[in-house]
Amino acid sequence: MELQALVDKISGYVWSAPLVILCLGAGIYFSIRTRFLQVRLIKDMVGQLFKGQSSKRGVSSFQGFAMALGGRVGTGNIAGVATAISVGGPGALFWMWMIAFLGAGSAYIESALAQVWKEEIGGVYRGGPSYYIEKGLGQKWYAVVFAVITILSCGILLPGIQANSIAVAFHNVYKPMTPAVTGIAVTALLGLIIFGGVKRIGKAAELLVPFMAVGYVLMAIIVIILDIKRLPGMFALVVSSALGLNAAFGGIVGSAIAWGVKRGIFSNEAGQGTGAQAAAAAEVAHPAQQGLVQAFSVYVDTLFVCSATGFMILLTGTYNVADGKGGYIVNNLPGVEASPVWTQAGINTLLRGFGGHFVAVALFFFAFTTLMAYAFYTESNVAYLFKKKSVPMIQVARVFMLVMTFYGAIRTTQLAWGLGDIGVGLMAWLNIIAILLLTKVGLATLKDYEEQRRSGKFICFDPKKLNIPGTELWETIHCRYREEREKGA
């Protein structure tokens, strides 16, 4: 069996119906148990963005948000949306919205847990699924398995998708920019940042992420305004296709759900465990604060950025939809596979000659910040495995990731996506099961935060009060914040 066929077969097993059901079910469960915090506490989500300040050990709340959003907003927001539509039809976008709404609850739980059981390693905060699986569940072997899979995924499998998308987009517009040339440029820039450590990654994300997200959404708004008459029809098409009410797309409703969830999770990472690792790096007074910030980042990723891509493609009709039998239900771009080219073509229909350049630049920023996030996630899990001896191993991991970034730029798109899907799926399986088992602690952080907020007290997390074991670092942090409160800080 050739490599591509093997990868597709493994991906099919990993992303079978049980994982789709698990992701949707966990989102529904956490939404109900948190009393739909994604609606109730939207004001707090935004308000907490600028509360926590950076320190010698951790990044600020906003930098943690930007790092996680940089990881969430990547090629999945452009190429991933195109792929979902190509297989699941316009209805796939609706299911991406649903997994984002429900996933905000999952994102809160995993990020709050990452803060509860974070550690200080090498002078910086580290945390995430490996840490809370070991300390919260007491399952060292389970934690090690997650750490190894995350290193393989974020350090080896996933960088190729981001680098490959940058290379394809630039070569489509600037022919002299071959994949090899693009790969060298991206690898060199990435090396300059990641060898500066978590602080440099956080600072770069803080500067790049808001700029790229706002610019991309503004372009979508321009496209919508120029083609506003088609907007009601597009919404009707998305909803009817998602619910099996559209005659043309009625036969692929299952694909719409599966690919909407699949690409939605790949994009917003809710429940995958990666955003939780960025959350753990933040310097905050209470785990719930960063949990709410990360829940909001899921909204920004999917409801704004993914929707921007979907609108630009569907409004302008620059997409194809396969019928699952070797033919097409829609074939508006004959011979053009799902890729950033669809978005480029969509913008070009209204702003001729501009789409290719804009999407190439936007995709560079999206994918590059995701590569920075992958570097941080890889480092956090290397740090978990090697603890105080992790510094030299982190350097090795950085070098290896740069090699894989270059390699990803020159390999086939289909193979890159197949390998990445396997990595994302395995992390989602392991992490969602873990956070379901730790629901009680996640809900306790939310209850404690809301009680303190209602009382008007200085919000400060005390794990002893909640009988949460294995939180030695927080005992020190709690004392520090209590002293600042007493001094009137």
# chains A, B, ... in the order shown; residues from 1 in each chain; ligands from 1
$ closest_atom_pairs --of "segment 331-378 of chain A" --to "segment 386-405 of chain A" --cutoff "10 Å" --atoms "only C-alpha atoms" --output "JSON lines"
{"residue": "A:Leu371", "atom": "CA", "partner": "A:Thr405", "partner_atom": "CA", "distance": 8.4}
{"residue": "A:Tyr374", "atom": "CA", "partner": "A:Met401", "partner_atom": "CA", "distance": 8.9}
{"residue": "A:Ala375", "atom": "CA", "partner": "A:Arg398", "partner_atom": "CA", "distance": 6.9}
{"residue": "A:Phe376", "atom": "CA", "partner": "A:Arg398", "partner_atom": "CA", "distance": 9.4}
{"residue": "A:Thr378", "atom": "CA", "partner": "A:Ala397", "partner_atom": "CA", "distance": 7.4}
$ write_last_selection --atoms "N, CA and C atoms" --output "compact mmCIF listing (two decimals), in the first residue's frame"
# COMPACT_ATOMS: atom_id res chain seq x y z
N LEU A 371 2.64 28.28 13.15
CA LEU A 371 3.93 27.60 13.31
C LEU A 371 4.60 28.02 14.62
N TYR A 374 2.83 26.13 17.31
CA TYR A 374 3.25 24.72 17.32
C TYR A 374 4.60 24.55 18.01
N ALA A 375 5.49 25.52 17.80
CA ALA A 375 6.80 25.45 18.44
C ALA A 375 6.65 25.51 19.95
N PHE A 376 5.77 26.38 20.42
CA PHE A 376 5.56 26.49 21.86
C PHE A 376 4.92 25.22 22.43
N THR A 378 5.13 22.20 21.26
CA THR A 378 6.15 21.16 21.25
C THR A 378 7.09 21.32 22.44
$ residues_around --residues "segment 295-299 of chain A" --least-positions-apart "2" --cutoff "6 Å" --atoms "only C-alpha atoms" --output "number ranges by chain"
A: 45, 69, 104, 107-108, 268, 292-293, 301-303
$ write_last_selection --atoms "C-alpha atoms" --output "JSON list (two decimals), in the first residue's frame"
[["chain", "number", "residue", "atom", "x", "y", "z"],
["A", 45, "MET", "CA", -14.51, 37.00, 28.14],
["A", 69, "LEU", "CA", -5.40, 32.43, 18.58],
["A", 104, "ALA", "CA", -16.22, 27.35, 23.63],
["A", 107, "ALA", "CA", -12.08, 25.39, 25.55],
["A", 108, "TYR", "CA", -12.96, 26.91, 28.92],
["A", 268, "ASN", "CA", -10.42, 26.39, 16.43],
["A", 292, "LEU", "CA", -12.81, 32.64, 29.58],
["A", 293, "VAL", "CA", -10.21, 34.33, 27.38],
["A", 301, "ASP", "CA", -11.31, 31.94, 15.07],
["A", 302, "THR", "CA", -14.45, 30.33, 13.67],
["A", 303, "LEU", "CA", -17.31, 32.81, 13.88]]
$ residues_around --residues "segment 353-366 of chain A" --least-positions-apart "4" --cutoff "10 Å" --atoms "only C-alpha atoms" --output "PyMOL selection string"
chain A and resi 69-79+162-163+165-174+186+208-209+211-213+215-216+219+340-349+370-371
$ write_last_selection --atoms "N, CA and C atoms" --output "compact mmCIF listing (two decimals), in the first residue's frame"
# COMPACT_ATOMS: atom_id res chain seq x y z
N LEU A 69 -4.68 32.04 19.80
CA LEU A 69 -5.40 32.43 18.58
C LEU A 69 -4.50 32.28 17.37
N GLY A 70 -3.20 32.59 17.57
CA GLY A 70 -2.25 32.37 16.48
C GLY A 70 -2.21 30.92 16.07
N GLY A 71 -2.33 30.02 17.07
CA GLY A 71 -2.39 28.59 16.77
C GLY A 71 -3.70 28.20 16.12
N ARG A 72 -4.79 28.80 16.57
CA ARG A 72 -6.11 28.47 16.03
C ARG A 72 -6.28 29.04 14.62
N VAL A 73 -5.90 30.31 14.43
CA VAL A 73 -6.08 30.96 13.13
C VAL A 73 -4.89 30.60 12.24
N GLY A 74 -5.09 29.64 11.39
CA GLY A 74 -4.02 29.20 10.50
C GLY A 74 -4.59 28.84 9.14
N THR A 75 -3.93 27.93 8.48
CA THR A 75 -4.37 27.55 7.14
C THR A 75 -5.75 26.88 7.17
N GLY A 76 -6.13 26.34 8.35
CA GLY A 76 -7.46 25.75 8.47
C GLY A 76 -8.57 26.76 8.24
N ASN A 77 -8.27 28.04 8.47
CA ASN A 77 -9.27 29.08 8.27
C ASN A 77 -9.46 29.44 6.80
N ILE A 78 -8.52 29.07 5.96
CA ILE A 78 -8.64 29.37 4.53
C ILE A 78 -8.74 28.06 3.74
N ALA A 79 -7.65 27.28 3.73
CA ALA A 79 -7.67 26.01 2.99
C ALA A 79 -8.61 25.01 3.64
N GLN A 162 0.92 23.95 7.38
CA GLN A 162 1.05 25.42 7.35
C GLN A 162 2.06 25.85 6.29
N ALA A 163 3.23 25.23 6.28
CA ALA A 163 4.28 25.60 5.32
C ALA A 163 3.85 25.32 3.89
N SER A 165 0.79 25.28 2.68
CA SER A 165 -0.22 26.25 2.25
C SER A 165 0.41 27.59 1.87
N ILE A 166 1.40 28.02 2.63
CA ILE A 166 2.11 29.26 2.30
C ILE A 166 2.77 29.11 0.93
N ALA A 167 3.45 27.98 0.72
CA ALA A 167 4.16 27.76 -0.54
C ALA A 167 3.22 27.74 -1.74
N VAL A 168 2.07 27.05 -1.59
CA VAL A 168 1.10 26.97 -2.69
C VAL A 168 0.53 28.34 -3.02
N ALA A 169 0.16 29.10 -1.99
CA ALA A 169 -0.45 30.42 -2.20
C ALA A 169 0.52 31.39 -2.88
N PHE A 170 1.77 31.39 -2.44
CA PHE A 170 2.74 32.31 -3.02
C PHE A 170 3.12 31.91 -4.45
N HIS A 171 3.27 30.61 -4.68
CA HIS A 171 3.64 30.17 -6.03
C HIS A 171 2.52 30.44 -7.02
N ASN A 172 1.28 30.43 -6.55
CA ASN A 172 0.14 30.71 -7.41
C ASN A 172 0.14 32.15 -7.91
N VAL A 173 0.74 33.05 -7.10
CA VAL A 173 0.75 34.48 -7.45
C VAL A 173 2.11 34.92 -7.97
N TYR A 174 3.16 34.43 -7.30
CA TYR A 174 4.52 34.83 -7.66
C TYR A 174 5.28 33.59 -8.14
N VAL A 186 10.50 30.94 5.05
CA VAL A 186 9.65 30.71 6.21
C VAL A 186 10.45 30.07 7.35
N LEU A 208 1.31 40.41 15.76
CA LEU A 208 0.86 39.92 14.46
C LEU A 208 -0.60 39.50 14.41
N VAL A 209 -1.06 38.81 15.45
CA VAL A 209 -2.38 38.19 15.40
C VAL A 209 -3.53 39.18 15.23
N PHE A 211 -3.52 42.17 14.00
CA PHE A 211 -3.37 42.80 12.69
C PHE A 211 -3.91 41.90 11.59
N MET A 212 -3.51 40.61 11.61
CA MET A 212 -3.90 39.72 10.52
C MET A 212 -5.39 39.38 10.58
N ALA A 213 -5.92 39.16 11.79
CA ALA A 213 -7.33 38.77 11.91
C ALA A 213 -8.26 39.91 11.48
N GLY A 215 -7.54 42.50 9.55
CA GLY A 215 -7.38 42.78 8.11
C GLY A 215 -8.16 41.80 7.26
N TYR A 216 -8.14 40.53 7.64
CA TYR A 216 -8.82 39.50 6.86
C TYR A 216 -10.34 39.65 6.94
N MET A 219 -11.54 42.50 4.79
CA MET A 219 -11.64 42.15 3.38
C MET A 219 -12.94 41.41 3.11
N PRO A 340 -6.32 27.52 -0.95
CA PRO A 340 -6.45 28.97 -0.87
C PRO A 340 -6.79 29.62 -2.22
N VAL A 341 -6.57 28.87 -3.32
CA VAL A 341 -6.88 29.40 -4.65
C VAL A 341 -8.35 29.77 -4.76
N TRP A 342 -9.24 29.03 -4.06
CA TRP A 342 -10.67 29.34 -4.11
C TRP A 342 -10.95 30.73 -3.55
N THR A 343 -10.33 31.06 -2.43
CA THR A 343 -10.54 32.38 -1.83
C THR A 343 -9.92 33.45 -2.71
N GLN A 344 -8.75 33.16 -3.27
CA GLN A 344 -8.11 34.11 -4.18
C GLN A 344 -9.02 34.40 -5.37
N ALA A 345 -9.61 33.34 -5.93
CA ALA A 345 -10.51 33.51 -7.08
C ALA A 345 -11.75 34.30 -6.69
N GLY A 346 -12.27 34.05 -5.47
CA GLY A 346 -13.46 34.77 -5.02
C GLY A 346 -13.24 36.26 -4.93
N ILE A 347 -12.14 36.66 -4.33
CA ILE A 347 -11.83 38.10 -4.22
C ILE A 347 -11.59 38.69 -5.60
N ASN A 348 -10.95 37.93 -6.47
CA ASN A 348 -10.65 38.43 -7.82
C ASN A 348 -11.90 38.70 -8.65
N THR A 349 -13.00 37.99 -8.35
CA THR A 349 -14.23 38.23 -9.12
C THR A 349 -14.78 39.63 -8.88
N THR A 370 0.72 30.26 13.39
CA THR A 370 0.40 28.91 13.82
C THR A 370 1.67 28.09 14.02
N LEU A 371 2.64 28.28 13.15
CA LEU A 371 3.93 27.60 13.31
C LEU A 371 4.60 28.02 14.62
$ residues_around --residues "Gly244 of chain A" --least-positions-apart "2" --cutoff "12 Å" --atoms "only C-alpha atoms" --output "list in words"
Gly88, Gly89, Pro90, Gly91, Ala92, Phe94, Ala236, Leu237, Val238, Val239, Ser240, Ser241, Ala242, Asn246, Ala247, Ala248, Phe249, Gly250, Gly251, Ile252, Val253, Gly254, Ser255, Ala256 and Ile257 of chain A
$ closest_residue --among "A:Ala279, A:Met67, A:Ile265, A:Ala409" --to "Val81 of chain A" --atoms "only C-alpha atoms"
A:Ile265
$ atom_distance --atom1 "atom CA of Tyr377 of chain A" --atom2 "atom CA of Leu158 of chain A"
11.5 Å
$ closest_residue --among "A:Asp421, A:Asn331, A:Ser267, A:Tyr384" --to "Lys135 of chain A" --atoms "only C-alpha atoms"
A:Tyr384
$ residues_around --residues "Ile161 of chain A" --least-positions-apart "4" --cutoff "7 Å" --atoms "only C-alpha atoms" --output "NGL selection string"
:A and (165 or 408 or 416-417 or 420)
$ write_last_selection --atoms "C-alpha atoms" --output "compact mmCIF listing (two decimals), in the first residue's frame"
# COMPACT_ATOMS: atom_id res chain seq x y z
CA SER A 165 -0.22 26.25 2.25
CA GLY A 408 6.40 20.44 4.47
CA ALA A 416 0.33 17.07 4.41
CA TRP A 417 -3.36 17.33 5.31
CA GLY A 420 -2.04 16.57 10.10
$ select_by_dssp --residues "segment 3-93 of chain A" --states "alpha helix (DSSP H)" --output "PyMOL selection string"
chain A and resi 3-14+17-33+37-40+42-47+61-72+79-88+91-93
$ atom_distance --atom1 "atom CA of Lys229 of chain A" --atom2 "atom CA of Val305 of chain A"
21.5 Å
$ select_by_dssp --residues "segment 27-186 of chain A" --states "strand (DSSP E or B)" --output "PyMOL selection string"
chain A and resi 59+119-121+124-126
$ write_last_selection --atoms "N, CA and C atoms" --output "PDB file, in the first residue's frame"
ATOM      1  N   VAL A  59       3.372  35.014  30.424  1.00  0.00           N
ATOM      2  CA  VAL A  59       2.958  36.056  29.500  1.00  0.00           C
ATOM      3  C   VAL A  59       1.674  36.698  30.009  1.00  0.00           C
ATOM      4  N   GLU A 119       2.992  24.272  35.834  1.00  0.00           N
ATOM      5  CA  GLU A 119       4.242  24.201  36.572  1.00  0.00           C
ATOM      6  C   GLU A 119       5.190  25.288  36.077  1.00  0.00           C
ATOM      7  N   GLU A 120       6.209  25.578  36.895  1.00  0.00           N
ATOM      8  CA  GLU A 120       7.259  26.488  36.453  1.00  0.00           C
ATOM      9  C   GLU A 120       8.483  25.647  36.104  1.00  0.00           C
ATOM     10  N   ILE A 121       8.825  25.605  34.825  1.00  0.00           N
ATOM     11  CA  ILE A 121       9.959  24.811  34.351  1.00  0.00           C
ATOM     12  C   ILE A 121      10.876  25.713  33.530  1.00  0.00           C
ATOM     13  N   VAL A 124       9.781  29.494  33.263  1.00  0.00           N
ATOM     14  CA  VAL A 124       8.534  29.926  32.617  1.00  0.00           C
ATOM     15  C   VAL A 124       7.418  28.941  32.966  1.00  0.00           C
ATOM     16  N   TYR A 125       6.170  29.408  32.874  1.00  0.00           N
ATOM     17  CA  TYR A 125       5.031  28.548  33.146  1.00  0.00           C
ATOM     18  C   TYR A 125       4.803  27.580  31.982  1.00  0.00           C
ATOM     19  N   ARG A 126       4.581  26.330  32.336  1.00  0.00           N
ATOM     20  CA  ARG A 126       4.247  25.308  31.348  1.00  0.00           C
ATOM     21  C   ARG A 126       3.027  24.548  31.860  1.00  0.00           C
TER      22      ARG A 126
END
$ residues_around --residues "Ala276 of chain A" --least-positions-apart "5" --cutoff "7 Å" --atoms "only C-alpha atoms" --output "ChimeraX atom specification"
/A:110-111,114,128
$ decode --residues "segment 72-108 of chain A" --atoms "N, CA and C atoms" --output "PDB file, in the first residue's frame"
ATOM      1  N   ARG A  72      -4.786  28.802  16.572  1.00  0.00           N
ATOM      2  CA  ARG A  72      -6.107  28.473  16.026  1.00  0.00           C
ATOM      3  C   ARG A  72      -6.284  29.043  14.622  1.00  0.00           C
ATOM      4  N   VAL A  73      -5.897  30.313  14.427  1.00  0.00           N
ATOM      5  CA  VAL A  73      -6.080  30.961  13.130  1.00  0.00           C
ATOM      6  C   VAL A  73      -4.892  30.601  12.239  1.00  0.00           C
ATOM      7  N   GLY A  74      -5.090  29.641  11.391  1.00  0.00           N
ATOM      8  CA  GLY A  74      -4.024  29.202  10.498  1.00  0.00           C
ATOM      9  C   GLY A  74      -4.589  28.840   9.143  1.00  0.00           C
ATOM     10  N   THR A  75      -3.925  27.927   8.478  1.00  0.00           N
ATOM     11  CA  THR A  75      -4.373  27.552   7.141  1.00  0.00           C
ATOM     12  C   THR A  75      -5.748  26.880   7.172  1.00  0.00           C
ATOM     13  N   GLY A  76      -6.131  26.342   8.349  1.00  0.00           N
ATOM     14  CA  GLY A  76      -7.460  25.752   8.472  1.00  0.00           C
ATOM     15  C   GLY A  76      -8.567  26.757   8.235  1.00  0.00           C
ATOM     16  N   ASN A  77      -8.271  28.041   8.474  1.00  0.00           N
ATOM     17  CA  ASN A  77      -9.269  29.082   8.274  1.00  0.00           C
ATOM     18  C   ASN A  77      -9.460  29.445   6.804  1.00  0.00           C
ATOM     19  N   ILE A  78      -8.524  29.071   5.962  1.00  0.00           N
ATOM     20  CA  ILE A  78      -8.638  29.367   4.533  1.00  0.00           C
ATOM     21  C   ILE A  78      -8.739  28.061   3.742  1.00  0.00           C
ATOM     22  N   ALA A  79      -7.650  27.279   3.730  1.00  0.00           N
ATOM     23  CA  ALA A  79      -7.669  26.013   2.990  1.00  0.00           C
ATOM     24  C   ALA A  79      -8.613  25.015   3.641  1.00  0.00           C
ATOM     25  N   GLY A  80      -8.669  25.013   4.984  1.00  0.00           N
ATOM     26  CA  GLY A  80      -9.528  24.065   5.688  1.00  0.00           C
ATOM     27  C   GLY A  80     -11.002  24.271   5.406  1.00  0.00           C
ATOM     28  N   VAL A  81     -11.424  25.525   5.360  1.00  0.00           N
ATOM     29  CA  VAL A  81     -12.823  25.832   5.047  1.00  0.00           C
ATOM     30  C   VAL A  81     -13.153  25.381   3.626  1.00  0.00           C
ATOM     31  N   ALA A  82     -12.218  25.625   2.699  1.00  0.00           N
ATOM     32  CA  ALA A  82     -12.421  25.201   1.313  1.00  0.00           C
ATOM     33  C   ALA A  82     -12.574  23.685   1.228  1.00  0.00           C
ATOM     34  N   THR A  83     -11.739  22.970   1.966  1.00  0.00           N
ATOM     35  CA  THR A  83     -11.814  21.507   1.954  1.00  0.00           C
ATOM     36  C   THR A  83     -13.154  21.019   2.497  1.00  0.00           C
ATOM     37  N   ALA A  84     -13.617  21.636   3.593  1.00  0.00           N
ATOM     38  CA  ALA A  84     -14.894  21.244   4.197  1.00  0.00           C
ATOM     39  C   ALA A  84     -16.043  21.440   3.213  1.00  0.00           C
ATOM     40  N   ILE A  85     -16.046  22.567   2.517  1.00  0.00           N
ATOM     41  CA  ILE A  85     -17.100  22.858   1.537  1.00  0.00           C
ATOM     42  C   ILE A  85     -17.010  21.901   0.355  1.00  0.00           C
ATOM     43  N   SER A  86     -15.796  21.557  -0.056  1.00  0.00           N
ATOM     44  CA  SER A  86     -15.620  20.686  -1.228  1.00  0.00           C
ATOM     45  C   SER A  86     -16.190  19.287  -0.997  1.00  0.00           C
ATOM     46  N   VAL A  87     -16.177  18.828   0.255  1.00  0.00           N
ATOM     47  CA  VAL A  87     -16.666  17.479   0.562  1.00  0.00           C
ATOM     48  C   VAL A  87     -18.066  17.508   1.168  1.00  0.00           C
ATOM     49  N   GLY A  88     -18.333  18.493   2.033  1.00  0.00           N
ATOM     50  CA  GLY A  88     -19.611  18.544   2.739  1.00  0.00           C
ATOM     51  C   GLY A  88     -20.612  19.555   2.192  1.00  0.00           C
ATOM     52  N   GLY A  89     -20.202  20.328   1.194  1.00  0.00           N
ATOM     53  CA  GLY A  89     -21.090  21.339   0.638  1.00  0.00           C
ATOM     54  C   GLY A  89     -21.188  22.572   1.521  1.00  0.00           C
ATOM     55  N   PRO A  90     -21.997  23.554   1.134  1.00  0.00           N
ATOM     56  CA  PRO A  90     -22.130  24.786   1.920  1.00  0.00           C
ATOM     57  C   PRO A  90     -22.548  24.540   3.365  1.00  0.00           C
ATOM     58  N   GLY A  91     -23.277  23.451   3.620  1.00  0.00           N
ATOM     59  CA  GLY A  91     -23.743  23.147   4.967  1.00  0.00           C
ATOM     60  C   GLY A  91     -22.613  22.888   5.946  1.00  0.00           C
ATOM     61  N   ALA A  92     -21.435  22.551   5.461  1.00  0.00           N
ATOM     62  CA  ALA A  92     -20.298  22.305   6.349  1.00  0.00           C
ATOM     63  C   ALA A  92     -19.965  23.545   7.170  1.00  0.00           C
ATOM     64  N   LEU A  93     -20.189  24.739   6.579  1.00  0.00           N
ATOM     65  CA  LEU A  93     -19.909  25.979   7.298  1.00  0.00           C
ATOM     66  C   LEU A  93     -20.808  26.111   8.528  1.00  0.00           C
ATOM     67  N   PHE A  94     -22.050  25.709   8.399  1.00  0.00           N
ATOM     68  CA  PHE A  94     -22.980  25.752   9.530  1.00  0.00           C
ATOM     69  C   PHE A  94     -22.473  24.883  10.677  1.00  0.00           C
ATOM     70  N   TRP A  95     -21.985  23.693  10.345  1.00  0.00           N
ATOM     71  CA  TRP A  95     -21.505  22.790  11.395  1.00  0.00           C
ATOM     72  C   TRP A  95     -20.184  23.263  11.988  1.00  0.00           C
ATOM     73  N   MET A  96     -19.428  24.044  11.240  1.00  0.00           N
ATOM     74  CA  MET A  96     -18.246  24.689  11.816  1.00  0.00           C
ATOM     75  C   MET A  96     -18.675  25.721  12.859  1.00  0.00           C
ATOM     76  N   TRP A  97     -19.756  26.443  12.568  1.00  0.00           N
ATOM     77  CA  TRP A  97     -20.296  27.405  13.549  1.00  0.00           C
ATOM     78  C   TRP A  97     -20.765  26.670  14.805  1.00  0.00           C
ATOM     79  N   MET A  98     -21.431  25.549  14.616  1.00  0.00           N
ATOM     80  CA  MET A  98     -21.966  24.816  15.763  1.00  0.00           C
ATOM     81  C   MET A  98     -20.849  24.294  16.668  1.00  0.00           C
ATOM     82  N   ILE A  99     -19.799  23.727  16.062  1.00  0.00           N
ATOM     83  CA  ILE A  99     -18.712  23.185  16.886  1.00  0.00           C
ATOM     84  C   ILE A  99     -17.944  24.314  17.569  1.00  0.00           C
ATOM     85  N   ALA A 100     -17.961  25.515  16.985  1.00  0.00           N
ATOM     86  CA  ALA A 100     -17.319  26.665  17.636  1.00  0.00           C
ATOM     87  C   ALA A 100     -18.127  27.107  18.847  1.00  0.00           C
ATOM     88  N   PHE A 101     -19.445  27.193  18.671  1.00  0.00           N
ATOM     89  CA  PHE A 101     -20.304  27.605  19.784  1.00  0.00           C
ATOM     90  C   PHE A 101     -20.215  26.613  20.935  1.00  0.00           C
ATOM     91  N   LEU A 102     -20.353  25.345  20.602  1.00  0.00           N
ATOM     92  CA  LEU A 102     -20.287  24.315  21.646  1.00  0.00           C
ATOM     93  C   LEU A 102     -18.857  24.151  22.169  1.00  0.00           C
ATOM     94  N   GLY A 103     -17.888  24.299  21.256  1.00  0.00           N
ATOM     95  CA  GLY A 103     -16.490  24.120  21.636  1.00  0.00           C
ATOM     96  C   GLY A 103     -15.971  25.167  22.596  1.00  0.00           C
ATOM     97  N   ALA A 104     -16.642  26.320  22.675  1.00  0.00           N
ATOM     98  CA  ALA A 104     -16.216  27.348  23.628  1.00  0.00           C
ATOM     99  C   ALA A 104     -16.284  26.808  25.051  1.00  0.00           C
ATOM    100  N   GLY A 105     -17.271  25.955  25.321  1.00  0.00           N
ATOM    101  CA  GLY A 105     -17.377  25.335  26.643  1.00  0.00           C
ATOM    102  C   GLY A 105     -16.219  24.392  26.902  1.00  0.00           C
ATOM    103  N   SER A 106     -15.857  23.592  25.888  1.00  0.00           N
ATOM    104  CA  SER A 106     -14.718  22.676  26.014  1.00  0.00           C
ATOM    105  C   SER A 106     -13.427  23.461  26.200  1.00  0.00           C
ATOM    106  N   ALA A 107     -13.287  24.573  25.461  1.00  0.00           N
ATOM    107  CA  ALA A 107     -12.080  25.394  25.546  1.00  0.00           C
ATOM    108  C   ALA A 107     -11.921  25.983  26.939  1.00  0.00           C
ATOM    109  N   TYR A 108     -13.051  26.381  27.555  1.00  0.00           N
ATOM    110  CA  TYR A 108     -12.959  26.908  28.924  1.00  0.00           C
ATOM    111  C   TYR A 108     -12.423  25.839  29.873  1.00  0.00           C
TER     112      TYR A 108
END
